[in-house]
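What's in target_37.cif: mmCIF, C-alpha atoms
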```
data_run
loop_
_atom_site.label_atom_id
_atom_site.label_comp_id
_atom_site.auth_asym_id
_atom_site.auth_seq_id
_atom_site.Cartn_x
_atom_site.Cartn_y
_atom_site.Cartn_z
CA MET A 284 0.00 0.00 0.00
CA PRO A 285 1.32 3.49 -0.84
CA GLN A 286 2.55 5.43 2.17
CA GLY A 287 1.64 8.98 3.16
CA SER A 288 -1.11 10.72 5.08
CA GLU A 289 -2.36 13.01 2.34
CA THR A 290 -6.06 13.12 1.57
CA ALA A 291 -7.32 10.43 -0.81
CA HIS A 292 -9.83 11.08 -3.56
CA GLN A 293 -11.62 8.82 -6.04
CA PHE A 294 -12.32 8.92 -9.76
CA ASP A 295 -14.15 5.95 -11.21
CA ALA A 296 -14.08 6.24 -15.00
CA ALA A 297 -16.21 3.06 -15.30
CA GLU A 298 -16.35 1.83 -18.92
CA ARG A 299 -15.28 5.09 -20.52
CA GLY A 300 -12.56 4.92 -23.17
CA CYS A 301 -9.74 7.23 -24.21
CA HIS A 302 -12.11 9.19 -26.47
CA ASP A 303 -14.84 9.57 -23.85
CA GLY A 304 -13.34 12.56 -22.07
CA ILE A 305 -11.23 10.66 -19.56
CA ALA A 306 -8.19 12.91 -20.05
CA ARG A 307 -10.28 16.04 -19.55
CA ASP A 308 -11.92 14.64 -16.42
CA LEU A 309 -8.65 13.36 -14.99
CA VAL A 310 -7.21 16.86 -15.33
CA ALA A 311 -10.31 18.28 -13.62
CA HIS A 312 -10.11 15.80 -10.73
CA LEU A 313 -6.43 16.56 -10.21
CA ALA A 314 -7.03 20.32 -10.42
CA ALA A 315 -9.55 20.03 -7.58
CA ILE A 316 -7.12 18.47 -5.11
CA GLU A 317 -3.99 19.68 -3.35
CA ILE A 318 -0.41 18.86 -4.27
CA GLY A 319 0.53 15.72 -2.41
CA ASP A 320 -3.04 14.43 -2.25
CA ARG A 321 -3.80 11.06 -3.74
CA LEU A 322 -6.35 10.26 -6.43
CA THR A 323 -7.43 6.66 -6.94
CA VAL A 324 -8.48 6.17 -10.53
CA THR A 325 -10.42 3.10 -11.65
CA VAL A 326 -10.77 2.25 -15.34
CA ARG A 327 -12.18 -0.75 -17.17
CA ASP A 328 -12.00 0.15 -20.86
CA PRO A 329 -8.89 -1.37 -22.52
CA SER A 330 -7.84 1.88 -24.20
CA ALA A 331 -8.23 3.74 -20.90
CA ARG A 332 -6.15 1.08 -19.11
CA SER A 333 -3.28 1.72 -21.52
CA ASP A 334 -3.76 5.50 -21.40
CA LEU A 335 -3.84 6.25 -17.69
CA PRO A 336 -0.18 5.65 -16.82
CA PRO A 337 1.26 7.69 -19.72
CA LEU A 338 -1.32 10.41 -19.17
CA VAL A 339 -0.41 10.73 -15.50
CA ARG A 340 3.30 10.82 -16.35
CA MET A 341 2.88 13.45 -19.06
CA LEU A 342 0.82 15.61 -16.68
CA GLY A 343 3.71 15.57 -14.22
CA HIS A 344 2.16 13.48 -11.45
CA ARG A 345 3.44 10.39 -9.70
CA ILE A 346 2.03 6.88 -9.95
CA LEU A 347 2.25 5.34 -6.48
CA ASP A 348 0.59 2.04 -7.25
CA ILE A 349 -0.99 0.09 -10.09
CA ASP A 350 -3.33 -2.74 -9.20
CA GLU A 351 -5.49 -5.11 -11.23
CA PRO A 352 -7.99 -6.36 -8.66
CA ARG A 353 -9.85 -8.35 -11.29
CA ALA A 354 -9.54 -9.05 -14.98
CA GLY A 355 -10.18 -5.96 -17.07
CA THR A 356 -9.98 -3.46 -14.20
CA LEU A 357 -7.02 -1.18 -13.52
CA VAL A 358 -6.74 0.87 -10.33
CA LEU A 359 -4.09 3.56 -10.24
CA THR A 360 -3.10 5.49 -7.15
CA VAL A 361 -1.79 8.87 -8.28
CA GLU A 362 -0.07 11.51 -6.19
CA LYS A 363 -0.62 15.05 -7.43
CA GLY A 364 2.79 16.40 -8.24
CA ARG A 365 2.14 19.94 -9.37
CA MET B 32 13.43 7.87 -24.70
CA SER B 33 11.51 5.87 -27.30
CA ASP B 34 13.11 4.12 -30.26
CA LYS B 35 9.82 2.86 -31.56
CA LEU B 36 8.82 3.10 -35.20
CA LEU B 37 5.04 3.48 -35.52
CA PHE B 38 3.71 2.37 -38.90
CA MET B 39 0.21 3.64 -39.57
CA CYS B 40 -2.44 1.32 -40.99
CA THR B 41 -5.90 2.71 -41.69
CA HIS B 42 -7.35 0.01 -43.96
CA ALA B 43 -8.24 -3.66 -43.93
CA GLY B 44 -10.26 -5.63 -46.45
CA ASP B 45 -11.66 -2.38 -47.81
CA ASP B 46 -8.30 -1.65 -49.42
CA PRO B 47 -5.91 -4.63 -49.47
CA GLU B 48 -2.97 -2.68 -50.84
CA ARG B 49 -3.20 0.03 -48.18
CA ALA B 50 -3.71 -2.65 -45.53
CA THR B 51 -0.67 -4.65 -46.61
CA LEU B 52 1.97 -2.02 -47.30
CA PRO B 53 2.47 -0.87 -43.69
CA PHE B 54 3.09 -4.46 -42.65
CA ILE B 55 5.71 -4.93 -45.37
CA ALA B 56 7.66 -1.95 -44.08
CA ALA B 57 7.07 -2.75 -40.41
CA ASN B 58 8.17 -6.35 -40.90
CA LEU B 59 11.38 -5.17 -42.52
CA ALA B 60 11.94 -2.90 -39.54
CA ALA B 61 11.34 -5.77 -37.12
CA ILE B 62 13.64 -8.12 -39.03
CA SER B 63 16.37 -5.46 -38.89
CA GLY B 64 16.10 -5.26 -35.13
CA GLN B 65 13.96 -2.14 -34.77
CA ASP B 66 11.21 -1.75 -32.18
CA ALA B 67 8.35 -1.76 -34.69
CA VAL B 68 4.68 -1.18 -34.04
CA VAL B 69 1.82 -1.12 -36.54
CA LEU B 70 -0.73 1.35 -35.22
CA CYS B 71 -4.10 0.45 -36.69
CA THR B 72 -6.81 3.06 -36.85
CA ILE B 73 -10.20 3.40 -38.53
CA GLU B 74 -10.90 0.31 -40.67
CA GLY B 75 -7.35 -0.88 -40.04
CA VAL B 76 -8.35 -2.09 -36.57
CA TRP B 77 -9.97 -5.15 -38.17
CA VAL B 78 -6.51 -6.35 -39.18
CA GLY B 79 -5.67 -6.91 -35.52
CA THR B 80 -8.65 -9.16 -34.87
CA GLU B 81 -8.80 -12.95 -35.04
CA GLY B 82 -9.36 -13.82 -38.69
CA GLY B 83 -9.09 -10.15 -39.64
CA THR B 84 -6.35 -10.74 -42.21
CA ASP B 85 -8.10 -13.68 -43.87
CA GLY B 86 -8.41 -13.25 -47.60
CA ILE B 87 -6.61 -9.89 -47.72
CA ALA B 88 -4.07 -9.93 -50.51
CA SER B 89 -2.79 -7.37 -52.97
CA GLU B 90 -1.27 -8.30 -56.29
CA GLY B 91 2.46 -8.71 -56.13
CA MET B 92 2.60 -8.70 -52.32
CA PRO B 93 2.62 -11.48 -49.72
CA THR B 94 -0.76 -12.20 -48.18
CA LEU B 95 -1.53 -10.09 -45.16
CA SER B 96 -1.98 -13.21 -43.03
CA GLU B 97 1.58 -14.32 -43.81
CA LEU B 98 2.99 -10.85 -43.22
CA TYR B 99 1.11 -10.38 -39.97
CA ALA B 100 2.33 -13.71 -38.59
CA ASP B 101 5.91 -12.99 -39.65
CA PHE B 102 5.76 -9.53 -38.12
CA ILE B 103 4.64 -10.85 -34.75
CA ASP B 104 7.19 -13.66 -34.85
CA ASN B 105 9.88 -11.06 -35.56
CA GLY B 106 8.99 -9.15 -32.40
CA GLY B 107 6.55 -6.63 -33.81
CA GLN B 108 3.52 -5.31 -31.99
CA VAL B 109 0.12 -4.29 -33.30
CA TRP B 110 -1.76 -1.53 -31.52
CA LEU B 111 -5.46 -1.01 -32.17
CA CYS B 112 -6.91 2.44 -31.62
CA GLY B 113 -9.47 2.21 -28.82
CA ALA B 114 -11.58 5.02 -30.24
CA CYS B 115 -11.87 3.00 -33.43
CA THR B 116 -12.41 -0.47 -31.94
CA LYS B 117 -15.21 0.58 -29.62
CA PRO B 118 -17.75 1.80 -32.24
CA ARG B 119 -16.95 -1.30 -34.30
CA GLY B 120 -17.76 -3.54 -31.34
CA ILE B 121 -14.26 -4.99 -31.20
CA THR B 122 -13.33 -6.22 -27.73
CA GLU B 123 -10.11 -7.45 -26.21
CA ASP B 124 -11.01 -11.11 -26.55
CA GLN B 125 -11.22 -10.63 -30.32
CA CYS B 126 -7.65 -9.36 -30.62
CA ALA B 127 -5.31 -11.47 -32.71
CA LYS B 128 -1.94 -12.65 -31.41
CA GLY B 129 0.35 -9.67 -30.87
CA ALA B 130 -2.44 -7.09 -30.96
CA GLN B 131 -3.72 -4.95 -28.13
CA ILE B 132 -6.20 -2.11 -27.78
CA VAL B 133 -4.53 1.16 -26.82
CA GLY B 134 -5.52 4.77 -26.21
CA ALA B 135 -4.22 8.01 -27.64
CA ALA B 136 -2.14 8.94 -24.60
CA MET B 137 -0.02 5.84 -25.02
CA VAL B 138 0.77 6.88 -28.61
CA VAL B 139 1.33 10.52 -27.68
CA GLU B 140 3.78 9.63 -24.93
CA GLN B 141 5.80 7.47 -27.30
CA VAL B 142 5.97 10.28 -29.86
CA VAL B 143 6.91 12.86 -27.21
CA GLU B 144 9.70 10.54 -26.13
CA GLY B 145 11.06 10.27 -29.65
CA ALA B 146 9.16 7.55 -31.48
CA LYS B 147 9.02 8.05 -35.23
CA VAL B 148 5.77 7.82 -37.13
CA VAL B 149 5.71 6.29 -40.62
CA PRO B 150 2.46 7.22 -42.35
CA PHE B 151 0.97 5.38 -45.29
CA ALA B 152 -1.89 6.55 -47.49
#
```

Show the structure stored in the file as structure tokens.
Amino acid sequence: MPQGSETAHQFDAAERGCHDGIARDLVAHLAAIEIGDRLTVTVRDPSARSDLPPLVRMLGHRILDIDEPRAGTLVLTVEKGR
Amino acid sequence: MSDKLLFMCTHAGDDPERATLPFIAANLAAISGQDAVVLCTIEGVWVGTEGGTDGIASEGMPTLSELYADFIDNGGQVWLCGACTKPRGITEDQCAKGAQIVGAAMVVEQVVEGAKVVPFA
């Protein structure tokens, strides 16, 4: 489990894919939290599963954990970096 | 840093020549030791499905089935645009060997890190 006592937030993108506004909404979720806070992002669409890690990296945030609790579901724990 | 070569493929059975040519070039890249990816978009996503290359052949070129198999055996990867697979009802379990559904951010990151894009008509 990632360490730290910063506030945790959730973003469940459900079945939405890379073209369904996930990037826009991820940016909005991260904009609404403080630097150092954690956002747990859950995605199920295969294109979104491939997109989340590079998107987080390109936006300048840190991936603390990547989990696949069940087939087809990716859960990323992201720490807001800037 | 990305050394990938991304070969664009936008056609399948709708245009056998345009479907086949990217795989000829990508296979050459893979054989020569390059990190080669065929990025399939629009109708090209069908190429990365089970049976998707069946019957696709252009005069004077190897069949797409042969090329696809060679390409994968030579270490190549096939990426299927998620925005294109979804409206066509293509799901992960329909992906052929070596193919995976990806999103735009994955492609963008590779390009930002230096991957070269090889477009075909």

Using only C-alpha atoms, what does the table of chain B residues within 12 Å of chain A look like, with each row giving the shortest atom pair and its distance in Å to one decimal, sorted by chain and ascending number, as CSV?
```
residue,atom,partner,partner_atom,distance
B:Trp110,CA,A:Ser330,CA,10.1
B:Leu111,CA,A:Ser330,CA,8.8
B:Cys112,CA,A:Ser330,CA,7.5
B:Gly113,CA,A:Ser330,CA,4.9
B:Ala114,CA,A:His302,CA,5.6
B:Cys115,CA,A:His302,CA,9.3
B:Thr116,CA,A:Ser330,CA,9.3
B:Lys117,CA,A:Gly300,CA,8.2
B:Pro118,CA,A:Gly300,CA,10.9
B:Ile121,CA,A:Pro329,CA,10.8
B:Thr122,CA,A:Pro329,CA,8.4
B:Glu123,CA,A:Pro329,CA,7.2
B:Asp124,CA,A:Pro329,CA,10.8
B:Cys126,CA,A:Pro329,CA,11.4
B:Gln131,CA,A:Pro329,CA,8.4
B:Ile132,CA,A:Ser330,CA,5.6
B:Val133,CA,A:Ser330,CA,4.3
B:Gly134,CA,A:Ser330,CA,4.2
B:Ala135,CA,A:Cys301,CA,6.5
B:Ala136,CA,A:Asp334,CA,5.0
B:Met137,CA,A:Asp334,CA,5.2
B:Val138,CA,A:Asp334,CA,8.6
B:Val139,CA,A:Pro337,CA,8.4
B:Glu140,CA,A:Pro337,CA,6.1
B:Gln141,CA,A:Pro337,CA,8.8
B:Val142,CA,A:Pro337,CA,11.5
B:Val143,CA,A:Met341,CA,9.1
B:Glu144,CA,A:Met341,CA,10.2
```

Exercise. In Å, rounded to a single decimal, give me how far CA of Thr325 (chain A) is from CA of Ala297 (chain A).
Key: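 These two atoms are separated by 6.8 Å.
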
Quiz prompt | Hits of the PyMOL selection byres ((chain A and resi 359) around 9) in this structure, as number ranges by chain | solution = A: 322-326, 335-336, 346-351, 357-358, 360-361

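For the atom pair formed by CA of Gly106 (chain B) and CA of Asp66 (chain B), the distance is 7.7 Å, given to one decimal.
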
Practice problem: Using the chain letters and residue numbers of this document, give as a VMD selection string the residues selected by the PyMOL selection byres ((chain B and resi 44) around 10). | Solution: chain B and resid 42 to 43 45 to 51 74 to 75 77 to 78 83 to 88 95

Quiz prompt | Point (4.7, -4.0, -44.4) neighbourhood (9 Å, only C-alpha atoms) written as number ranges by chain | solution = B: 38, 50-60, 69, 95, 98-99, 102

Exercise. May I ask for the distance between CA of Ala291 (chain A) and CA of Thr356 (chain A), given in Å to one decimal place?
Key: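 Interatomic distance here is 19.5 Å.
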
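Ranking A:Ala311, A:Ala296, A:Ile305, A:Ile318 by their shortest atom-to-atom distance to Gly343 (chain A), with only C-alpha atoms included, puts A:Ile318 first.
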
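With all atoms listed in the file as the atoms that count, the minimum distance from Phe151 (chain B) to the choices B:Ala127, B:Leu37, B:Met92, B:Ala100 is reached by B:Leu37.
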
Listed atoms of region 129-141 of chain B boxed along x, y and z, 3 Å each side, centre and edge lengths in Å, one decimal, as lines of an AutoDock Vina configuration file:
```
center_x = -0.2
center_y = 0.4
center_z = -27.8
size_x = 18.0
size_y = 26.2
size_z = 12.4
```

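Shortest atom-to-atom contact with Thr290 (chain A) among A:Lys363, A:His312, A:Arg307, A:Arg321: A:Arg321, counting only C-alpha atoms.
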